[in-house]
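Next up, upload_15.pdb (PDB, C-alpha atoms, pLDDT in the B column):
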ATOM      1  CA  MET A   1      12.386  24.314  -6.470  1.00 76.00           C
ATOM      2  CA  ASP A   2       8.854  25.389  -7.283  1.00 85.00           C
ATOM      3  CA  PRO A   3       6.140  22.974  -6.011  1.00 85.00           C
ATOM      4  CA  GLY A   4       4.417  23.157  -9.418  1.00 88.00           C
ATOM      5  CA  VAL A   5       7.542  21.850 -11.148  1.00 87.00           C
ATOM      6  CA  ILE A   6       7.860  19.026  -8.639  1.00 87.00           C
ATOM      7  CA  ALA A   7       4.196  18.163  -9.210  1.00 89.00           C
ATOM      8  CA  VAL A   8       4.872  17.866 -12.954  1.00 90.00           C
ATOM      9  CA  PHE A   9       7.989  15.734 -12.500  1.00 90.00           C
ATOM     10  CA  ILE A  10       6.407  13.181 -10.157  1.00 90.00           C
ATOM     11  CA  PRO A  11       4.214  11.455 -12.794  1.00 91.00           C
ATOM     12  CA  ILE A  12       6.955  11.719 -15.423  1.00 92.00           C
ATOM     13  CA  VAL A  13       9.489  10.047 -13.149  1.00 92.00           C
ATOM     14  CA  ALA A  14       6.921   7.412 -12.127  1.00 93.00           C
ATOM     15  CA  VAL A  15       6.180   6.491 -15.751  1.00 94.00           C
ATOM     16  CA  VAL A  16       9.841   6.460 -16.787  1.00 94.00           C
ATOM     17  CA  MET A  17      10.853   4.375 -13.769  1.00 95.00           C
ATOM     18  CA  GLY A  18       7.918   1.992 -14.260  1.00 94.00           C
ATOM     19  CA  ILE A  19       8.819   1.400 -17.897  1.00 96.00           C
ATOM     20  CA  GLY A  20      12.508   1.161 -17.024  1.00 95.00           C
ATOM     21  CA  ILE A  21      11.917  -1.448 -14.337  1.00 96.00           C
ATOM     22  CA  GLY A  22       9.748  -3.462 -16.728  1.00 95.00           C
ATOM     23  CA  MET A  23      12.417  -3.302 -19.432  1.00 96.00           C
ATOM     24  CA  GLN A  24      15.096  -4.314 -16.925  1.00 96.00           C
ATOM     25  CA  ALA A  25      13.026  -7.326 -15.833  1.00 95.00           C
ATOM     26  CA  ILE A  26      12.505  -8.458 -19.426  1.00 95.00           C
ATOM     27  CA  TRP A  27      16.194  -7.993 -20.265  1.00 96.00           C
ATOM     28  CA  SER A  28      17.333  -9.848 -17.141  1.00 95.00           C
ATOM     29  CA  GLU A  29      15.020 -12.788 -17.885  1.00 90.00           C
ATOM     30  CA  HIS A  30      16.271 -12.911 -21.486  1.00 91.00           C
ATOM     31  CA  LYS A  31      19.924 -12.887 -20.378  1.00 94.00           C
ATOM     32  CA  ARG A  32      19.230 -15.629 -17.831  1.00 89.00           C
ATOM     33  CA  LYS A  33      17.573 -17.837 -20.446  1.00 86.00           C
ATOM     34  CA  ALA A  34      20.343 -17.137 -22.974  1.00 89.00           C
ATOM     35  CA  GLN A  35      22.975 -18.101 -20.405  1.00 90.00           C
ATOM     36  CA  ILE A  36      21.158 -21.349 -19.558  1.00 85.00           C
ATOM     37  CA  LEU A  37      20.819 -22.159 -23.269  1.00 86.00           C
ATOM     38  CA  GLU A  38      24.499 -21.459 -23.912  1.00 91.00           C
ATOM     39  CA  GLN A  39      25.623 -23.561 -20.941  1.00 89.00           C
ATOM     40  CA  ASN A  40      23.373 -26.421 -21.987  1.00 87.00           C
ATOM     41  CA  HIS A  41      24.636 -26.230 -25.566  1.00 90.00           C
ATOM     42  CA  ARG A  42      28.269 -26.270 -24.396  1.00 92.00           C
ATOM     43  CA  GLU A  43      27.562 -29.256 -22.133  1.00 89.00           C
ATOM     44  CA  ARG A  44      25.881 -31.182 -24.940  1.00 88.00           C
ATOM     45  CA  MET A  45      28.716 -30.436 -27.374  1.00 91.00           C
ATOM     46  CA  HIS A  46      31.304 -31.726 -24.894  1.00 91.00           C
ATOM     47  CA  ALA A  47      29.224 -34.860 -24.382  1.00 90.00           C
ATOM     48  CA  ILE A  48      29.077 -35.436 -28.149  1.00 90.00           C
ATOM     49  CA  GLU A  49      32.847 -34.908 -28.499  1.00 92.00           C
ATOM     50  CA  LYS A  50      33.571 -37.409 -25.725  1.00 92.00           C
ATOM     51  CA  GLY A  51      31.018 -39.883 -27.083  1.00 90.00           C
ATOM     52  CA  ILE A  52      29.021 -40.144 -23.877  1.00 89.00           C
ATOM     53  CA  GLU A  53      25.286 -40.119 -23.468  1.00 88.00           C
ATOM     54  CA  LEU A  54      23.667 -36.703 -23.853  1.00 82.00           C
ATOM     55  CA  PRO A  55      22.332 -35.167 -20.650  1.00 77.00           C
ATOM     56  CA  PRO A  56      18.580 -34.567 -20.599  1.00 80.00           C
ATOM     57  CA  LEU A  57      17.292 -31.105 -21.452  1.00 77.00           C
ATOM     58  CA  PRO A  58      16.253 -29.008 -18.462  1.00 72.00           C
ATOM     59  CA  ALA A  59      12.534 -28.340 -18.137  1.00 72.00           C
ATOM     60  CA  SER A  60      13.176 -24.584 -18.247  1.00 66.00           C
ATOM     61  CA  LEU A  61      14.373 -24.890 -21.853  1.00 69.00           C
ATOM     62  CA  LEU A  62      11.394 -26.944 -22.919  1.00 67.00           C
ATOM     63  CA  GLY A  63       8.935 -24.271 -21.789  1.00 67.00           C
ATOM     64  CA  ALA A  64       7.338 -26.423 -19.126  1.00 61.00           C
ATOM     65  CA  MET A  65       4.105 -25.005 -17.795  1.00 63.00           C
ATOM     66  CA  PRO A  66       3.969 -24.154 -14.101  1.00 69.00           C
ATOM     67  CA  ALA A  67       2.053 -26.514 -11.870  1.00 71.00           C
ATOM     68  CA  PRO A  68      -1.606 -25.640 -11.253  1.00 73.00           C
ATOM     69  CA  PRO A  69      -2.297 -23.943  -7.940  1.00 74.00           C
ATOM     70  CA  SER A  70      -2.749 -26.276  -5.026  1.00 82.00           C
ATOM     71  CA  ALA A  71      -5.803 -26.409  -2.817  1.00 86.00           C
ATOM     72  CA  ALA A  72      -3.798 -24.979   0.091  1.00 88.00           C
ATOM     73  CA  LYS A  73      -2.753 -21.951  -1.971  1.00 89.00           C
ATOM     74  CA  SER A  74      -6.333 -21.368  -3.115  1.00 89.00           C
ATOM     75  CA  LEU A  75      -7.510 -21.682   0.480  1.00 91.00           C
ATOM     76  CA  ARG A  76      -4.928 -19.150   1.658  1.00 93.00           C
ATOM     77  CA  ASN A  77      -5.859 -16.693  -1.107  1.00 92.00           C
ATOM     78  CA  GLY A  78      -9.560 -17.173  -0.419  1.00 93.00           C
ATOM     79  CA  ILE A  79      -9.237 -16.496   3.294  1.00 95.00           C
ATOM     80  CA  MET A  80      -7.002 -13.508   2.666  1.00 95.00           C
ATOM     81  CA  LEU A  81      -9.280 -11.900   0.062  1.00 94.00           C
ATOM     82  CA  THR A  82     -12.418 -12.566   2.091  1.00 95.00           C
ATOM     83  CA  LEU A  83     -10.958 -10.924   5.185  1.00 95.00           C
ATOM     84  CA  ILE A  84      -9.559  -7.990   3.183  1.00 94.00           C
ATOM     85  CA  GLY A  85     -12.965  -7.427   1.581  1.00 93.00           C
ATOM     86  CA  ILE A  86     -14.790  -7.540   4.916  1.00 94.00           C
ATOM     87  CA  LEU A  87     -12.207  -5.198   6.459  1.00 94.00           C
ATOM     88  CA  LEU A  88     -12.515  -2.800   3.527  1.00 91.00           C
ATOM     89  CA  PHE A  89     -16.314  -2.849   3.750  1.00 90.00           C
ATOM     90  CA  VAL A  90     -16.305  -2.142   7.493  1.00 91.00           C
ATOM     91  CA  ALA A  91     -13.644   0.568   7.182  1.00 91.00           C
ATOM     92  CA  ILE A  92     -15.590   2.419   4.493  1.00 89.00           C
ATOM     93  CA  VAL A  93     -18.857   2.151   6.449  1.00 90.00           C
ATOM     94  CA  VAL A  94     -17.163   3.485   9.594  1.00 90.00           C
ATOM     95  CA  ALA A  95     -15.603   6.328   7.580  1.00 87.00           C
ATOM     96  CA  GLY A  96     -19.103   7.306   6.458  1.00 81.00           C
ATOM     97  CA  GLY A  97     -19.182   6.131   2.856  1.00 76.00           C
ATOM     98  CA  ASN A  98     -22.164   3.799   2.905  1.00 79.00           C
ATOM     99  CA  ARG A  99     -22.592   3.896  -0.871  1.00 80.00           C
ATOM    100  CA  GLY A 100     -18.925   3.185  -1.580  1.00 82.00           C
ATOM    101  CA  ALA A 101     -18.763   0.405   0.987  1.00 85.00           C
ATOM    102  CA  LEU A 102     -20.324  -2.046  -1.463  1.00 86.00           C
ATOM    103  CA  PHE A 103     -17.050  -2.042  -3.416  1.00 87.00           C
ATOM    104  CA  GLY A 104     -15.488  -3.789  -0.426  1.00 85.00           C
ATOM    105  CA  LEU A 105     -17.682  -6.756  -1.230  1.00 89.00           C
ATOM    106  CA  ILE A 106     -15.878  -7.328  -4.551  1.00 92.00           C
ATOM    107  CA  PRO A 107     -12.725  -8.835  -2.980  1.00 93.00           C
ATOM    108  CA  THR A 108     -14.997 -10.641  -0.518  1.00 94.00           C
ATOM    109  CA  CYS A 109     -16.809 -12.361  -3.395  1.00 94.00           C
ATOM    110  CA  VAL A 110     -13.522 -13.207  -5.121  1.00 94.00           C
ATOM    111  CA  GLY A 111     -12.264 -14.653  -1.813  1.00 94.00           C
ATOM    112  CA  ILE A 112     -15.399 -16.754  -1.415  1.00 95.00           C
ATOM    113  CA  ALA A 113     -14.973 -17.993  -4.993  1.00 95.00           C
ATOM    114  CA  ASN A 114     -11.399 -19.015  -4.121  1.00 93.00           C
ATOM    115  CA  LEU A 115     -12.654 -20.852  -1.055  1.00 94.00           C
ATOM    116  CA  VAL A 116     -15.187 -22.758  -3.164  1.00 95.00           C
ATOM    117  CA  TYR A 117     -12.454 -23.542  -5.714  1.00 93.00           C
ATOM    118  CA  ALA A 118     -10.183 -24.776  -2.902  1.00 92.00           C
ATOM    119  CA  ALA A 119     -12.956 -27.049  -1.598  1.00 93.00           C
ATOM    120  CA  ILE A 120     -13.464 -28.518  -5.069  1.00 92.00           C
ATOM    121  CA  GLN A 121      -9.710 -28.997  -5.528  1.00 90.00           C
ATOM    122  CA  TRP A 122      -9.384 -30.635  -2.129  1.00 89.00           C
ATOM    123  CA  LYS A 123     -12.192 -33.040  -2.978  1.00 90.00           C
ATOM    124  CA  GLU A 124     -10.601 -33.917  -6.334  1.00 87.00           C
ATOM    125  CA  GLU A 125      -7.165 -34.388  -4.754  1.00 83.00           C
ATOM    126  CA  LYS A 126      -8.678 -36.626  -2.084  1.00 84.00           C
ATOM    127  CA  GLU A 127     -10.517 -38.719  -4.681  1.00 84.00           C
ATOM    128  CA  GLY A 128      -7.340 -38.919  -6.785  1.00 79.00           C
ATOM    129  CA  ARG A 129      -5.336 -40.255  -3.838  1.00 71.00           C
ATOM    130  CA  ALA A 130      -8.077 -42.753  -2.962  1.00 66.00           C
ATOM    131  CA  GLY A 131      -8.230 -43.933  -6.579  1.00 63.00           C
ATOM    132  CA  ALA A 132      -4.454 -44.367  -6.728  1.00 60.00           C
ATOM    133  CA  LYS A 133      -4.398 -46.686  -3.694  1.00 57.00           C
TER     134      LYS A 133
END
Structure rendered as structure tokens:
Amino acid sequence: MDPGVIAVFIPIVAVVMGIGIGMQAIWSEHKRKAQILEQNHRERMHAIEKGIELPPLPASLLGAMPAPPSAAKSLRNGIMLTLIGILLFVAIVVAGGNRGALFGLIPTCVGIANLVYAAIQWKEEKEGRAGAK
């Protein structure tokens, strides 16, 4: 096959596969939620027929919001991003791109912001535990 034809097909296949994977993920999530809803409905109908107390609704059906990130997770992300940014900066400087090396400081700054956020969260969690005692 001609290399020019392969070069044309690569982005086409990438876009089609990317969209296809996204559609598959959405469809799978919809089917999962529909199955949970159907099972819950069937369970509730049987409970009504038998005259027993209705089981509580699962949190997944009520659209419960995920828990906020913990201080440990923010700390991990902050350390990881800070080190990646420093590594990127050093790698670009060593490769000879002094002007482009400043872009390595972007993840470093985001990592430092995560570290600050983790420190604030840790302080609030500590005060919350002390206040609860």
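You will find atom CA of A:Gly100 at 24.8 Å from atom CA of A:Leu115.
What separates atom CA of A:Gly78 from atom CA of A:Ile112 is a distance of 5.9 Å.
Once the PyMOL selection byres ((chain A and resi 76) around 12) is applied to this file, the selection holds Pro69, Ser70, Ala71, Ala72, Lys73, Ser74, Leu75, Asn77, Gly78, Ile79, Met80, Leu81, Thr82, Leu83, Gly111, Ile112, Asn114, Leu115, Val116, Tyr117, Ala118 and Ala119 of chain A.
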Using only C-alpha atoms, tabulate the residues of stretch 33-58 of chain A lying at most 10 Å from any atom of stretch 22-29 of chain A, each with its closest atom pair and that distance in Å to one decimal, by chain and increasing residue number, as JSON lines.
{"residue": "A:Lys33", "atom": "CA", "partner": "A:Glu29", "partner_atom": "CA", "distance": 6.2}
{"residue": "A:Ala34", "atom": "CA", "partner": "A:Glu29", "partner_atom": "CA", "distance": 8.6}
{"residue": "A:Gln35", "atom": "CA", "partner": "A:Glu29", "partner_atom": "CA", "distance": 9.9}
How would the residues just picked look written out with C-alpha atoms as a compact mmCIF listing (two decimals), in the coordinates of the input?
# COMPACT_ATOMS: atom_id res chain seq x y z
CA LYS A 33 17.57 -17.84 -20.45
CA ALA A 34 20.34 -17.14 -22.97
CA GLN A 35 22.98 -18.10 -20.40
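Interatomic distance, atom CA of A:Asn98 against atom CA of A:Ile84: 17.3 Å.
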Expand the PyMOL selection byres ((chain A and resi 37-45) around 8) into the individual residues it matches in the shown file, reporting them as a compact mmCIF listing (two decimals) with C-alpha atoms, in the frame of the given file.
# COMPACT_ATOMS: atom_id res chain seq x y z
CA LYS A 33 17.57 -17.84 -20.45
CA ALA A 34 20.34 -17.14 -22.97
CA GLN A 35 22.98 -18.10 -20.40
CA ILE A 36 21.16 -21.35 -19.56
CA HIS A 46 31.30 -31.73 -24.89
CA ALA A 47 29.22 -34.86 -24.38
CA ILE A 48 29.08 -35.44 -28.15
CA GLU A 49 32.85 -34.91 -28.50
CA LEU A 54 23.67 -36.70 -23.85
CA PRO A 55 22.33 -35.17 -20.65
CA LEU A 57 17.29 -31.10 -21.45
CA LEU A 61 14.37 -24.89 -21.85
Residue IDs satisfying the PyMOL selection byres ((chain A and resi 85-91) around 7), as number ranges by chain: A: 81-84, 92-95, 101-102, 104-108
I need stretch 75-118 of chain A written out with N, CA and C atoms, as a PDB file, in the first residue's frame; please produce it.
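Contents of out-v2.pdb, as written:
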ATOM      1  N   LEU A  75      -2.768  15.911  47.758  1.00  0.00           N
ATOM      2  CA  LEU A  75      -1.331  15.873  48.021  1.00  0.00           C
ATOM      3  C   LEU A  75      -0.616  15.029  46.972  1.00  0.00           C
ATOM      4  N   ARG A  76      -1.175  13.848  46.692  1.00  0.00           N
ATOM      5  CA  ARG A  76      -0.582  12.974  45.675  1.00  0.00           C
ATOM      6  C   ARG A  76      -0.529  13.664  44.309  1.00  0.00           C
ATOM      7  N   ASN A  77      -1.643  14.277  43.906  1.00  0.00           N
ATOM      8  CA  ASN A  77      -1.670  14.976  42.616  1.00  0.00           C
ATOM      9  C   ASN A  77      -0.692  16.149  42.599  1.00  0.00           C
ATOM     10  N   GLY A  78      -0.589  16.856  43.700  1.00  0.00           N
ATOM     11  CA  GLY A  78       0.321  17.996  43.766  1.00  0.00           C
ATOM     12  C   GLY A  78       1.770  17.572  43.639  1.00  0.00           C
ATOM     13  N   ILE A  79       2.146  16.525  44.353  1.00  0.00           N
ATOM     14  CA  ILE A  79       3.527  16.039  44.257  1.00  0.00           C
ATOM     15  C   ILE A  79       3.810  15.551  42.847  1.00  0.00           C
ATOM     16  N   MET A  80       2.873  14.799  42.288  1.00  0.00           N
ATOM     17  CA  MET A  80       3.064  14.242  40.959  1.00  0.00           C
ATOM     18  C   MET A  80       3.215  15.349  39.906  1.00  0.00           C
ATOM     19  N   LEU A  81       2.323  16.325  39.911  1.00  0.00           N
ATOM     20  CA  LEU A  81       2.397  17.399  38.923  1.00  0.00           C
ATOM     21  C   LEU A  81       3.637  18.267  39.107  1.00  0.00           C
ATOM     22  N   THR A  82       4.012  18.525  40.348  1.00  0.00           N
ATOM     23  CA  THR A  82       5.209  19.323  40.597  1.00  0.00           C
ATOM     24  C   THR A  82       6.442  18.623  40.049  1.00  0.00           C
ATOM     25  N   LEU A  83       6.578  17.341  40.329  1.00  0.00           N
ATOM     26  CA  LEU A  83       7.739  16.599  39.838  1.00  0.00           C
ATOM     27  C   LEU A  83       7.729  16.453  38.315  1.00  0.00           C
ATOM     28  N   ILE A  84       6.548  16.247  37.731  1.00  0.00           N
ATOM     29  CA  ILE A  84       6.462  16.163  36.267  1.00  0.00           C
ATOM     30  C   ILE A  84       6.868  17.490  35.644  1.00  0.00           C
ATOM     31  N   GLY A  85       6.405  18.597  36.208  1.00  0.00           N
ATOM     32  CA  GLY A  85       6.761  19.911  35.677  1.00  0.00           C
ATOM     33  C   GLY A  85       8.252  20.187  35.771  1.00  0.00           C
ATOM     34  N   ILE A  86       8.848  19.857  36.911  1.00  0.00           N
ATOM     35  CA  ILE A  86      10.297  20.065  37.070  1.00  0.00           C
ATOM     36  C   ILE A  86      11.055  19.182  36.088  1.00  0.00           C
ATOM     37  N   LEU A  87      10.643  17.926  35.958  1.00  0.00           N
ATOM     38  CA  LEU A  87      11.285  17.007  35.019  1.00  0.00           C
ATOM     39  C   LEU A  87      11.156  17.510  33.588  1.00  0.00           C
ATOM     40  N   LEU A  88       9.989  17.991  33.221  1.00  0.00           N
ATOM     41  CA  LEU A  88       9.774  18.527  31.881  1.00  0.00           C
ATOM     42  C   LEU A  88      10.652  19.755  31.632  1.00  0.00           C
ATOM     43  N   PHE A  89      10.734  20.635  32.619  1.00  0.00           N
ATOM     44  CA  PHE A  89      11.562  21.830  32.492  1.00  0.00           C
ATOM     45  C   PHE A  89      13.026  21.446  32.280  1.00  0.00           C
ATOM     46  N   VAL A  90      13.533  20.553  33.110  1.00  0.00           N
ATOM     47  CA  VAL A  90      14.937  20.140  33.005  1.00  0.00           C
ATOM     48  C   VAL A  90      15.193  19.427  31.684  1.00  0.00           C
ATOM     49  N   ALA A  91      14.277  18.567  31.263  1.00  0.00           N
ATOM     50  CA  ALA A  91      14.463  17.828  30.012  1.00  0.00           C
ATOM     51  C   ALA A  91      14.507  18.768  28.817  1.00  0.00           C
ATOM     52  N   ILE A  92      13.671  19.787  28.803  1.00  0.00           N
ATOM     53  CA  ILE A  92      13.667  20.719  27.679  1.00  0.00           C
ATOM     54  C   ILE A  92      14.918  21.586  27.693  1.00  0.00           C
ATOM     55  N   VAL A  93      15.368  21.995  28.880  1.00  0.00           N
ATOM     56  CA  VAL A  93      16.608  22.782  28.972  1.00  0.00           C
ATOM     57  C   VAL A  93      17.796  21.959  28.481  1.00  0.00           C
ATOM     58  N   VAL A  94      17.870  20.701  28.900  1.00  0.00           N
ATOM     59  CA  VAL A  94      18.977  19.832  28.488  1.00  0.00           C
ATOM     60  C   VAL A  94      18.924  19.593  26.978  1.00  0.00           C
ATOM     61  N   ALA A  95      17.732  19.489  26.416  1.00  0.00           N
ATOM     62  CA  ALA A  95      17.589  19.260  24.977  1.00  0.00           C
ATOM     63  C   ALA A  95      17.930  20.517  24.177  1.00  0.00           C
ATOM     64  N   GLY A  96      18.051  21.648  24.835  1.00  0.00           N
ATOM     65  CA  GLY A  96      18.473  22.869  24.161  1.00  0.00           C
ATOM     66  C   GLY A  96      17.368  23.859  23.861  1.00  0.00           C
ATOM     67  N   GLY A  97      16.192  23.651  24.408  1.00  0.00           N
ATOM     68  CA  GLY A  97      15.087  24.571  24.141  1.00  0.00           C
ATOM     69  C   GLY A  97      14.830  25.490  25.310  1.00  0.00           C
ATOM     70  N   ASN A  98      15.742  26.409  25.561  1.00  0.00           N
ATOM     71  CA  ASN A  98      15.605  27.277  26.737  1.00  0.00           C
ATOM     72  C   ASN A  98      14.306  28.071  26.733  1.00  0.00           C
ATOM     73  N   ARG A  99      13.887  28.530  25.554  1.00  0.00           N
ATOM     74  CA  ARG A  99      12.655  29.337  25.512  1.00  0.00           C
ATOM     75  C   ARG A  99      11.423  28.482  25.792  1.00  0.00           C
ATOM     76  N   GLY A 100      11.407  27.260  25.279  1.00  0.00           N
ATOM     77  CA  GLY A 100      10.256  26.388  25.480  1.00  0.00           C
ATOM     78  C   GLY A 100      10.218  25.756  26.856  1.00  0.00           C
ATOM     79  N   ALA A 101      11.321  25.814  27.570  1.00  0.00           N
ATOM     80  CA  ALA A 101      11.395  25.171  28.881  1.00  0.00           C
ATOM     81  C   ALA A 101      10.440  25.804  29.890  1.00  0.00           C
ATOM     82  N   LEU A 102      10.080  27.051  29.675  1.00  0.00           N
ATOM     83  CA  LEU A 102       9.172  27.719  30.616  1.00  0.00           C
ATOM     84  C   LEU A 102       7.803  27.052  30.651  1.00  0.00           C
ATOM     85  N   PHE A 103       7.430  26.344  29.563  1.00  0.00           N
ATOM     86  CA  PHE A 103       6.142  25.655  29.572  1.00  0.00           C
ATOM     87  C   PHE A 103       6.140  24.487  30.555  1.00  0.00           C
ATOM     88  N   GLY A 104       7.306  24.009  30.934  1.00  0.00           N
ATOM     89  CA  GLY A 104       7.389  22.971  31.953  1.00  0.00           C
ATOM     90  C   GLY A 104       7.002  23.481  33.328  1.00  0.00           C
ATOM     91  N   LEU A 105       7.016  24.796  33.483  1.00  0.00           N
ATOM     92  CA  LEU A 105       6.642  25.367  34.774  1.00  0.00           C
ATOM     93  C   LEU A 105       5.125  25.414  34.977  1.00  0.00           C
ATOM     94  N   ILE A 106       4.360  25.230  33.898  1.00  0.00           N
ATOM     95  CA  ILE A 106       2.894  25.243  34.031  1.00  0.00           C
ATOM     96  C   ILE A 106       2.420  24.094  34.914  1.00  0.00           C
ATOM     97  N   PRO A 107       2.794  22.817  34.609  1.00  0.00           N
ATOM     98  CA  PRO A 107       2.356  21.760  35.532  1.00  0.00           C
ATOM     99  C   PRO A 107       2.980  21.899  36.924  1.00  0.00           C
ATOM    100  N   THR A 108       4.163  22.521  36.993  1.00  0.00           N
ATOM    101  CA  THR A 108       4.775  22.744  38.302  1.00  0.00           C
ATOM    102  C   THR A 108       3.895  23.677  39.135  1.00  0.00           C
ATOM    103  N   CYS A 109       3.413  24.738  38.527  1.00  0.00           N
ATOM    104  CA  CYS A 109       2.549  25.689  39.248  1.00  0.00           C
ATOM    105  C   CYS A 109       1.222  25.043  39.636  1.00  0.00           C
ATOM    106  N   VAL A 110       0.660  24.227  38.742  1.00  0.00           N
ATOM    107  CA  VAL A 110      -0.586  23.535  39.072  1.00  0.00           C
ATOM    108  C   VAL A 110      -0.344  22.565  40.227  1.00  0.00           C
ATOM    109  N   GLY A 111       0.813  21.887  40.219  1.00  0.00           N
ATOM    110  CA  GLY A 111       1.161  20.974  41.310  1.00  0.00           C
ATOM    111  C   GLY A 111       1.315  21.699  42.627  1.00  0.00           C
ATOM    112  N   ILE A 112       1.949  22.864  42.595  1.00  0.00           N
ATOM    113  CA  ILE A 112       2.116  23.656  43.818  1.00  0.00           C
ATOM    114  C   ILE A 112       0.755  24.122  44.324  1.00  0.00           C
ATOM    115  N   ALA A 113      -0.134  24.500  43.396  1.00  0.00           N
ATOM    116  CA  ALA A 113      -1.487  24.897  43.800  1.00  0.00           C
ATOM    117  C   ALA A 113      -2.211  23.728  44.467  1.00  0.00           C
ATOM    118  N   ASN A 114      -2.029  22.517  43.938  1.00  0.00           N
ATOM    119  CA  ASN A 114      -2.625  21.334  44.571  1.00  0.00           C
ATOM    120  C   ASN A 114      -2.051  21.085  45.954  1.00  0.00           C
ATOM    121  N   LEU A 115      -0.764  21.311  46.112  1.00  0.00           N
ATOM    122  CA  LEU A 115      -0.145  21.140  47.427  1.00  0.00           C
ATOM    123  C   LEU A 115      -0.709  22.139  48.438  1.00  0.00           C
ATOM    124  N   VAL A 116      -0.896  23.377  48.008  1.00  0.00           N
ATOM    125  CA  VAL A 116      -1.482  24.394  48.884  1.00  0.00           C
ATOM    126  C   VAL A 116      -2.915  24.000  49.244  1.00  0.00           C
ATOM    127  N   TYR A 117      -3.674  23.531  48.229  1.00  0.00           N
ATOM    128  CA  TYR A 117      -5.050  23.102  48.463  1.00  0.00           C
ATOM    129  C   TYR A 117      -5.086  21.932  49.447  1.00  0.00           C
ATOM    130  N   ALA A 118      -4.143  20.993  49.297  1.00  0.00           N
ATOM    131  CA  ALA A 118      -4.080  19.848  50.212  1.00  0.00           C
ATOM    132  C   ALA A 118      -3.788  20.308  51.641  1.00  0.00           C
TER     133      ALA A 118
END
